[in-house]
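Engineer: Below is upload-v8.cif; it holds mmCIF, N, CA and C atoms.
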data_input
loop_
_atom_site.label_atom_id
_atom_site.label_comp_id
_atom_site.auth_asym_id
_atom_site.auth_seq_id
_atom_site.Cartn_x
_atom_site.Cartn_y
_atom_site.Cartn_z
N MET W 1 -16.90 40.44 40.32
CA MET W 1 -18.10 40.86 39.63
C MET W 1 -17.70 41.73 38.44
N LYS W 2 -18.38 41.53 37.37
CA LYS W 2 -18.10 42.29 36.15
C LYS W 2 -18.63 43.72 36.29
N PRO W 3 -17.99 44.67 35.62
CA PRO W 3 -18.45 46.06 35.68
C PRO W 3 -19.89 46.23 35.20
N LYS W 4 -20.30 45.45 34.21
CA LYS W 4 -21.67 45.54 33.70
C LYS W 4 -22.68 45.11 34.77
N GLU W 5 -22.34 44.05 35.52
CA GLU W 5 -23.23 43.58 36.59
C GLU W 5 -23.32 44.62 37.70
N ARG W 6 -22.19 45.22 38.05
CA ARG W 6 -22.18 46.24 39.09
C ARG W 6 -23.01 47.45 38.66
N ASP W 7 -22.91 47.83 37.40
CA ASP W 7 -23.69 48.94 36.87
C ASP W 7 -25.19 48.64 36.94
N MET W 8 -25.56 47.42 36.60
CA MET W 8 -26.97 47.03 36.65
C MET W 8 -27.48 47.02 38.08
N GLN W 9 -26.67 46.56 39.02
CA GLN W 9 -27.08 46.57 40.42
C GLN W 9 -27.28 48.00 40.91
N GLU W 10 -26.42 48.91 40.50
CA GLU W 10 -26.58 50.31 40.89
C GLU W 10 -27.86 50.89 40.30
N LYS W 11 -28.18 50.52 39.07
CA LYS W 11 -29.42 51.02 38.45
C LYS W 11 -30.65 50.48 39.18
N VAL W 12 -30.63 49.20 39.54
CA VAL W 12 -31.76 48.61 40.25
C VAL W 12 -31.88 49.23 41.64
N LEU W 13 -30.77 49.44 42.32
CA LEU W 13 -30.81 50.07 43.63
C LEU W 13 -31.35 51.50 43.53
N GLY W 14 -30.97 52.22 42.48
CA GLY W 14 -31.51 53.56 42.25
C GLY W 14 -33.00 53.53 41.96
N ALA W 15 -33.43 52.56 41.16
CA ALA W 15 -34.87 52.42 40.87
C ALA W 15 -35.64 52.05 42.13
N HIS W 16 -35.01 51.24 43.00
CA HIS W 16 -35.66 50.88 44.27
C HIS W 16 -35.84 52.13 45.13
N ARG W 17 -34.82 52.94 45.23
CA ARG W 17 -34.93 54.19 46.01
C ARG W 17 -36.01 55.10 45.43
N GLU W 18 -36.09 55.17 44.11
CA GLU W 18 -37.11 55.98 43.45
C GLU W 18 -38.51 55.44 43.76
N ALA W 19 -38.66 54.13 43.73
CA ALA W 19 -39.96 53.51 44.02
C ALA W 19 -40.38 53.78 45.47
N ILE W 20 -39.42 53.72 46.39
CA ILE W 20 -39.71 54.03 47.80
C ILE W 20 -40.15 55.49 47.93
N ARG W 21 -39.45 56.37 47.22
CA ARG W 21 -39.78 57.80 47.28
C ARG W 21 -41.17 58.07 46.72
N ILE W 22 -41.51 57.42 45.62
CA ILE W 22 -42.80 57.65 44.97
C ILE W 22 -43.95 57.09 45.80
N THR W 23 -43.79 55.85 46.28
CA THR W 23 -44.88 55.19 47.00
C THR W 23 -44.99 55.61 48.46
N ARG W 24 -43.88 56.14 49.01
CA ARG W 24 -43.83 56.52 50.42
C ARG W 24 -44.09 55.33 51.34
N GLU W 25 -43.73 54.15 50.90
CA GLU W 25 -43.85 52.92 51.68
C GLU W 25 -42.46 52.50 52.14
N PRO W 26 -42.35 51.78 53.26
CA PRO W 26 -41.03 51.32 53.70
C PRO W 26 -40.44 50.21 52.83
N SER W 27 -41.28 49.50 52.10
CA SER W 27 -40.79 48.45 51.21
C SER W 27 -41.71 48.34 50.00
N VAL W 28 -41.15 47.87 48.88
CA VAL W 28 -41.91 47.77 47.63
C VAL W 28 -41.65 46.42 46.98
N THR W 29 -42.53 46.04 46.07
CA THR W 29 -42.39 44.77 45.36
C THR W 29 -41.42 44.93 44.18
N ALA W 30 -40.99 43.81 43.64
CA ALA W 30 -40.11 43.82 42.47
C ALA W 30 -40.84 44.46 41.28
N ARG W 31 -42.13 44.26 41.20
CA ARG W 31 -42.91 44.85 40.10
C ARG W 31 -42.86 46.38 40.14
N THR W 32 -42.96 46.94 41.34
CA THR W 32 -42.89 48.39 41.48
C THR W 32 -41.53 48.92 41.07
N VAL W 33 -40.47 48.21 41.47
CA VAL W 33 -39.11 48.61 41.08
C VAL W 33 -38.97 48.51 39.57
N TRP W 34 -39.49 47.44 39.00
CA TRP W 34 -39.43 47.23 37.55
C TRP W 34 -40.10 48.37 36.79
N ARG W 35 -41.22 48.84 37.32
CA ARG W 35 -41.94 49.95 36.67
C ARG W 35 -41.13 51.24 36.71
N CYS W 36 -40.21 51.37 37.65
CA CYS W 36 -39.36 52.56 37.73
C CYS W 36 -38.12 52.44 36.85
N MET W 37 -38.01 51.36 36.09
CA MET W 37 -36.87 51.14 35.21
C MET W 37 -37.34 51.04 33.76
N PRO W 38 -37.53 52.16 33.10
CA PRO W 38 -37.99 52.10 31.70
C PRO W 38 -36.95 51.42 30.81
N GLY W 39 -37.43 50.63 29.89
CA GLY W 39 -36.55 49.96 28.94
C GLY W 39 -36.17 48.55 29.32
N LEU W 40 -36.40 48.15 30.56
CA LEU W 40 -36.07 46.79 30.97
C LEU W 40 -37.30 45.92 30.75
N LYS W 41 -37.15 44.86 29.95
CA LYS W 41 -38.31 44.07 29.54
C LYS W 41 -38.69 42.98 30.54
N ARG W 42 -37.73 42.37 31.22
CA ARG W 42 -38.03 41.22 32.07
C ARG W 42 -37.99 41.57 33.55
N ARG W 43 -39.11 41.36 34.21
CA ARG W 43 -39.18 41.60 35.64
C ARG W 43 -38.32 40.59 36.41
N SER W 44 -38.13 39.41 35.83
CA SER W 44 -37.33 38.39 36.50
C SER W 44 -35.89 38.85 36.70
N HIS W 45 -35.36 39.68 35.78
CA HIS W 45 -34.01 40.20 35.94
C HIS W 45 -33.94 41.12 37.16
N VAL W 46 -34.95 41.94 37.34
CA VAL W 46 -35.00 42.85 38.49
C VAL W 46 -35.08 42.03 39.77
N THR W 47 -35.90 41.00 39.79
CA THR W 47 -36.04 40.15 40.97
C THR W 47 -34.71 39.49 41.31
N ARG W 48 -34.02 38.98 40.30
CA ARG W 48 -32.73 38.32 40.53
C ARG W 48 -31.72 39.31 41.11
N ILE W 49 -31.67 40.51 40.57
CA ILE W 49 -30.73 41.52 41.06
C ILE W 49 -31.12 41.98 42.46
N LEU W 50 -32.41 42.15 42.73
CA LEU W 50 -32.85 42.52 44.07
C LEU W 50 -32.44 41.45 45.08
N ASN W 51 -32.59 40.18 44.71
CA ASN W 51 -32.19 39.10 45.61
C ASN W 51 -30.68 39.09 45.85
N SER W 52 -29.89 39.44 44.84
CA SER W 52 -28.44 39.51 45.06
C SER W 52 -28.09 40.68 45.98
N LEU W 53 -28.85 41.77 45.90
CA LEU W 53 -28.63 42.90 46.81
C LEU W 53 -29.01 42.53 48.24
N VAL W 54 -30.01 41.68 48.40
CA VAL W 54 -30.38 41.18 49.72
C VAL W 54 -29.24 40.32 50.27
N ASP W 55 -28.67 39.45 49.43
CA ASP W 55 -27.56 38.61 49.85
C ASP W 55 -26.36 39.43 50.31
N LYS W 56 -26.14 40.59 49.70
CA LYS W 56 -25.03 41.47 50.06
C LYS W 56 -25.34 42.32 51.29
N GLY W 57 -26.59 42.34 51.73
CA GLY W 57 -26.97 43.12 52.90
C GLY W 57 -27.39 44.55 52.59
N LEU W 58 -27.51 44.89 51.32
CA LEU W 58 -27.92 46.25 50.96
C LEU W 58 -29.43 46.44 51.03
N LEU W 59 -30.18 45.36 50.91
CA LEU W 59 -31.64 45.39 51.03
C LEU W 59 -32.09 44.28 51.96
N ALA W 60 -33.31 44.39 52.45
CA ALA W 60 -33.92 43.35 53.27
C ALA W 60 -35.25 42.95 52.65
N THR W 61 -35.68 41.73 52.93
CA THR W 61 -36.96 41.27 52.39
C THR W 61 -37.98 41.16 53.51
N SER W 62 -39.21 41.29 53.11
CA SER W 62 -40.35 41.11 53.99
C SER W 62 -41.46 40.55 53.12
N GLY W 63 -42.53 40.12 53.72
CA GLY W 63 -43.62 39.59 52.92
C GLY W 63 -44.95 39.65 53.64
N HIS W 64 -45.99 39.51 52.88
CA HIS W 64 -47.35 39.49 53.41
C HIS W 64 -48.26 38.79 52.41
N GLN W 65 -49.47 38.48 52.86
CA GLN W 65 -50.46 37.91 51.95
C GLN W 65 -51.31 39.03 51.39
N ASP W 66 -51.53 38.97 50.07
CA ASP W 66 -52.38 39.98 49.45
C ASP W 66 -53.85 39.60 49.60
N GLN W 67 -54.72 40.35 48.95
CA GLN W 67 -56.16 40.12 49.09
C GLN W 67 -56.60 38.78 48.53
N ARG W 68 -55.83 38.23 47.58
CA ARG W 68 -56.17 36.94 47.00
C ARG W 68 -55.56 35.78 47.77
N GLY W 69 -54.84 36.07 48.84
CA GLY W 69 -54.21 35.03 49.63
C GLY W 69 -52.85 34.60 49.13
N GLU W 70 -52.30 35.28 48.13
CA GLU W 70 -50.98 34.95 47.61
C GLU W 70 -49.91 35.68 48.42
N PHE W 71 -48.77 35.02 48.60
CA PHE W 71 -47.67 35.62 49.34
C PHE W 71 -46.91 36.59 48.45
N VAL W 72 -46.69 37.80 48.94
CA VAL W 72 -46.01 38.85 48.18
C VAL W 72 -44.72 39.22 48.92
N VAL W 73 -43.59 39.16 48.20
CA VAL W 73 -42.30 39.54 48.78
C VAL W 73 -42.06 41.02 48.48
N THR W 74 -41.65 41.76 49.50
CA THR W 74 -41.31 43.16 49.32
C THR W 74 -39.85 43.38 49.73
N TYR W 75 -39.26 44.39 49.14
CA TYR W 75 -37.85 44.72 49.38
C TYR W 75 -37.77 46.12 49.96
N GLY W 76 -36.97 46.27 51.02
CA GLY W 76 -36.81 47.58 51.65
C GLY W 76 -35.40 47.74 52.19
N MET W 77 -35.14 48.92 52.73
CA MET W 77 -33.84 49.18 53.32
C MET W 77 -33.77 48.40 54.65
N PRO W 78 -32.60 47.85 54.99
CA PRO W 78 -32.51 46.96 56.15
C PRO W 78 -33.04 47.53 57.46
N GLY W 79 -32.83 48.78 57.76
CA GLY W 79 -33.29 49.34 59.02
C GLY W 79 -34.75 49.77 59.01
N ARG W 80 -35.38 49.76 57.86
CA ARG W 80 -36.74 50.32 57.76
C ARG W 80 -37.83 49.29 57.58
N ILE W 81 -37.47 48.05 57.34
CA ILE W 81 -38.49 47.00 57.19
C ILE W 81 -39.21 46.82 58.52
N GLY W 82 -40.52 46.82 58.46
CA GLY W 82 -41.32 46.62 59.67
C GLY W 82 -41.59 47.90 60.45
N SER W 83 -40.99 49.01 60.04
CA SER W 83 -41.26 50.27 60.73
C SER W 83 -42.33 51.04 59.97
N THR W 84 -42.88 52.03 60.63
CA THR W 84 -43.94 52.80 60.01
C THR W 84 -43.40 54.06 59.34
N ALA W 85 -42.15 54.42 59.61
CA ALA W 85 -41.59 55.63 59.03
C ALA W 85 -40.78 55.33 57.79
#
In structure tokens, how does this file's structure come out?

Structural biologist:
Amino acid sequence: MKPKERDMQEKVLGAHREAIRITREPSVTARTVWRCMPGLKRRSHVTRILNSLVDKGLLATSGHQDQRGEFVVTYGMPGRIGSTA
């Protein structure tokens, strides 16, 4: 992995932790993480990096249906998905 990619993954992981801290939820959407990263224009980049962190085991995914019936993927820490704390 290139140093630039590793740096970006660390930034996204830091933004994810910040989003968890702000929302006080066990998992958050890619959009919420994206909002915690000022200056990044494409949400798709955040989603791609979050998915690579899931592949590495640093994050876990979960999902639910929103009020409109659309499936929403959320990202959280592996031991905290599905818990209330």

Engineer: One number please: CA of Arg48 (chain W) to CA of Leu13 (chain W), in Å, one decimal.

Structural biologist: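 According to the coordinates, CA of Arg48 (chain W) and CA of Leu13 (chain W) are separated by 12.3 Å.
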
Engineer: If you run DSSP on the backbone here, which positions in region 4-65 of chain W get helix (DSSP H, G or I)? Please write them as a ChimeraX atom specification.

Structural biologist: /W:4-23,30-35,43-56

Engineer: For Tyr75 (chain W), list every protein, DNA or RNA residue within 6.5 Å, evaluated using only N, CA and C atoms, and leave out those in the same chain fewer than 5 positions away; present the list as JSON, numbers by chain.

Structural biologist: {"W": [26, 27, 28, 29, 30, 59, 60, 61, 62]}

Engineer: Using 6 Å of padding on each side, determine the axis-aligned box around all atoms of region 57-70 of chain W present in the file and give its centre and edge lengths in Å to one decimal, as JSON.

Structural biologist:
{"center_x": -41.6, "center_y": 40.5, "center_z": 50.5, "size_x": 42.0, "size_y": 23.8, "size_z": 19.0}

Engineer: Could you pull out all residues of region 1-82 of chain W with a DSSP call of strand (DSSP E or B) and give them as an mmCIF file with N, CA and C atoms, in the coordinates of the input?

Structural biologist:
data_model
loop_
_atom_site.group_PDB
_atom_site.id
_atom_site.type_symbol
_atom_site.label_atom_id
_atom_site.label_comp_id
_atom_site.auth_asym_id
_atom_site.auth_seq_id
_atom_site.Cartn_x
_atom_site.Cartn_y
_atom_site.Cartn_z
ATOM 1 N N SER W 27 -41.280 49.500 52.100
ATOM 2 C CA SER W 27 -40.790 48.450 51.210
ATOM 3 C C SER W 27 -41.710 48.340 50.000
ATOM 4 N N VAL W 28 -41.150 47.870 48.880
ATOM 5 C CA VAL W 28 -41.910 47.770 47.630
ATOM 6 C C VAL W 28 -41.650 46.420 46.980
ATOM 7 N N ALA W 60 -33.310 44.390 52.450
ATOM 8 C CA ALA W 60 -33.920 43.350 53.270
ATOM 9 C C ALA W 60 -35.250 42.950 52.650
ATOM 10 N N THR W 61 -35.680 41.730 52.930
ATOM 11 C CA THR W 61 -36.960 41.270 52.390
ATOM 12 C C THR W 61 -37.980 41.160 53.510
ATOM 13 N N SER W 62 -39.210 41.290 53.110
ATOM 14 C CA SER W 62 -40.350 41.110 53.990
ATOM 15 C C SER W 62 -41.460 40.550 53.120
ATOM 16 N N GLY W 63 -42.530 40.120 53.720
ATOM 17 C CA GLY W 63 -43.620 39.590 52.920
ATOM 18 C C GLY W 63 -44.950 39.650 53.640
ATOM 19 N N HIS W 64 -45.990 39.510 52.880
ATOM 20 C CA HIS W 64 -47.350 39.490 53.410
ATOM 21 C C HIS W 64 -48.260 38.790 52.410
ATOM 22 N N GLN W 65 -49.470 38.480 52.860
ATOM 23 C CA GLN W 65 -50.460 37.910 51.950
ATOM 24 C C GLN W 65 -51.310 39.030 51.390
ATOM 25 N N PHE W 71 -48.770 35.020 48.600
ATOM 26 C CA PHE W 71 -47.670 35.620 49.340
ATOM 27 C C PHE W 71 -46.910 36.590 48.450
ATOM 28 N N VAL W 72 -46.690 37.800 48.940
ATOM 29 C CA VAL W 72 -46.010 38.850 48.180
ATOM 30 C C VAL W 72 -44.720 39.220 48.920
ATOM 31 N N VAL W 73 -43.590 39.160 48.200
ATOM 32 C CA VAL W 73 -42.300 39.540 48.780
ATOM 33 C C VAL W 73 -42.060 41.020 48.480
ATOM 34 N N THR W 74 -41.650 41.760 49.500
ATOM 35 C CA THR W 74 -41.310 43.160 49.320
ATOM 36 C C THR W 74 -39.850 43.380 49.730
ATOM 37 N N TYR W 75 -39.260 44.390 49.140
ATOM 38 C CA TYR W 75 -37.850 44.720 49.380
ATOM 39 C C TYR W 75 -37.770 46.120 49.960
ATOM 40 N N GLY W 76 -36.970 46.270 51.020
ATOM 41 C CA GLY W 76 -36.810 47.580 51.650
ATOM 42 C C GLY W 76 -35.400 47.740 52.190
#

Engineer: Find the residue from W:Arg31, W:Asp7, W:His64, W:Lys56 that sits nearest to Arg43 (chain W); use only C-alpha atoms when measuring.

Structural biologist: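 Selected residue with least distance to Arg43 (chain W): W:Arg31.
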
Engineer: How many Å lie between CA of Arg21 (chain W) and CA of Lys2 (chain W), rounded to one decimal?

Structural biologist: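 So the two atoms, CA of Arg21 (chain W) and CA of Lys2 (chain W), lie 28.9 Å apart.
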
Engineer: In Å to one decimal, how far is CA of Ile49 (chain W) from CA of Met37 (chain W)?

Structural biologist: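 Going from CA of Met37 (chain W) over to CA of Ile49 (chain W) covers 12.8 Å.
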
Engineer: Give the answer as one residue: which of W:Val72, W:Leu50, W:Met77, W:Asp55 has the shortest atom-to-atom distance to Gln9 (chain W), using all atoms listed in the file?

Structural biologist: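 Among the listed residues, W:Leu50 lies closest to Gln9 (chain W).
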
Engineer: Pull out every residue that the PyMOL selection byres (((chain W and resi 10 and name CA) around 12) and name CA) matches in the shown coordinates and put them as number ranges by chain.

Structural biologist: W: 3-9, 11-17, 37, 46, 49-50, 52-53, 58

Engineer: Which one of W:Ile20, W:Pro78, W:Glu25, W:Arg35 sits closest to Gly57 (chain W) if you count only N, CA and C atoms?

Structural biologist: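 Checking each candidate against Gly57 (chain W), we get W:Pro78 as the closest.
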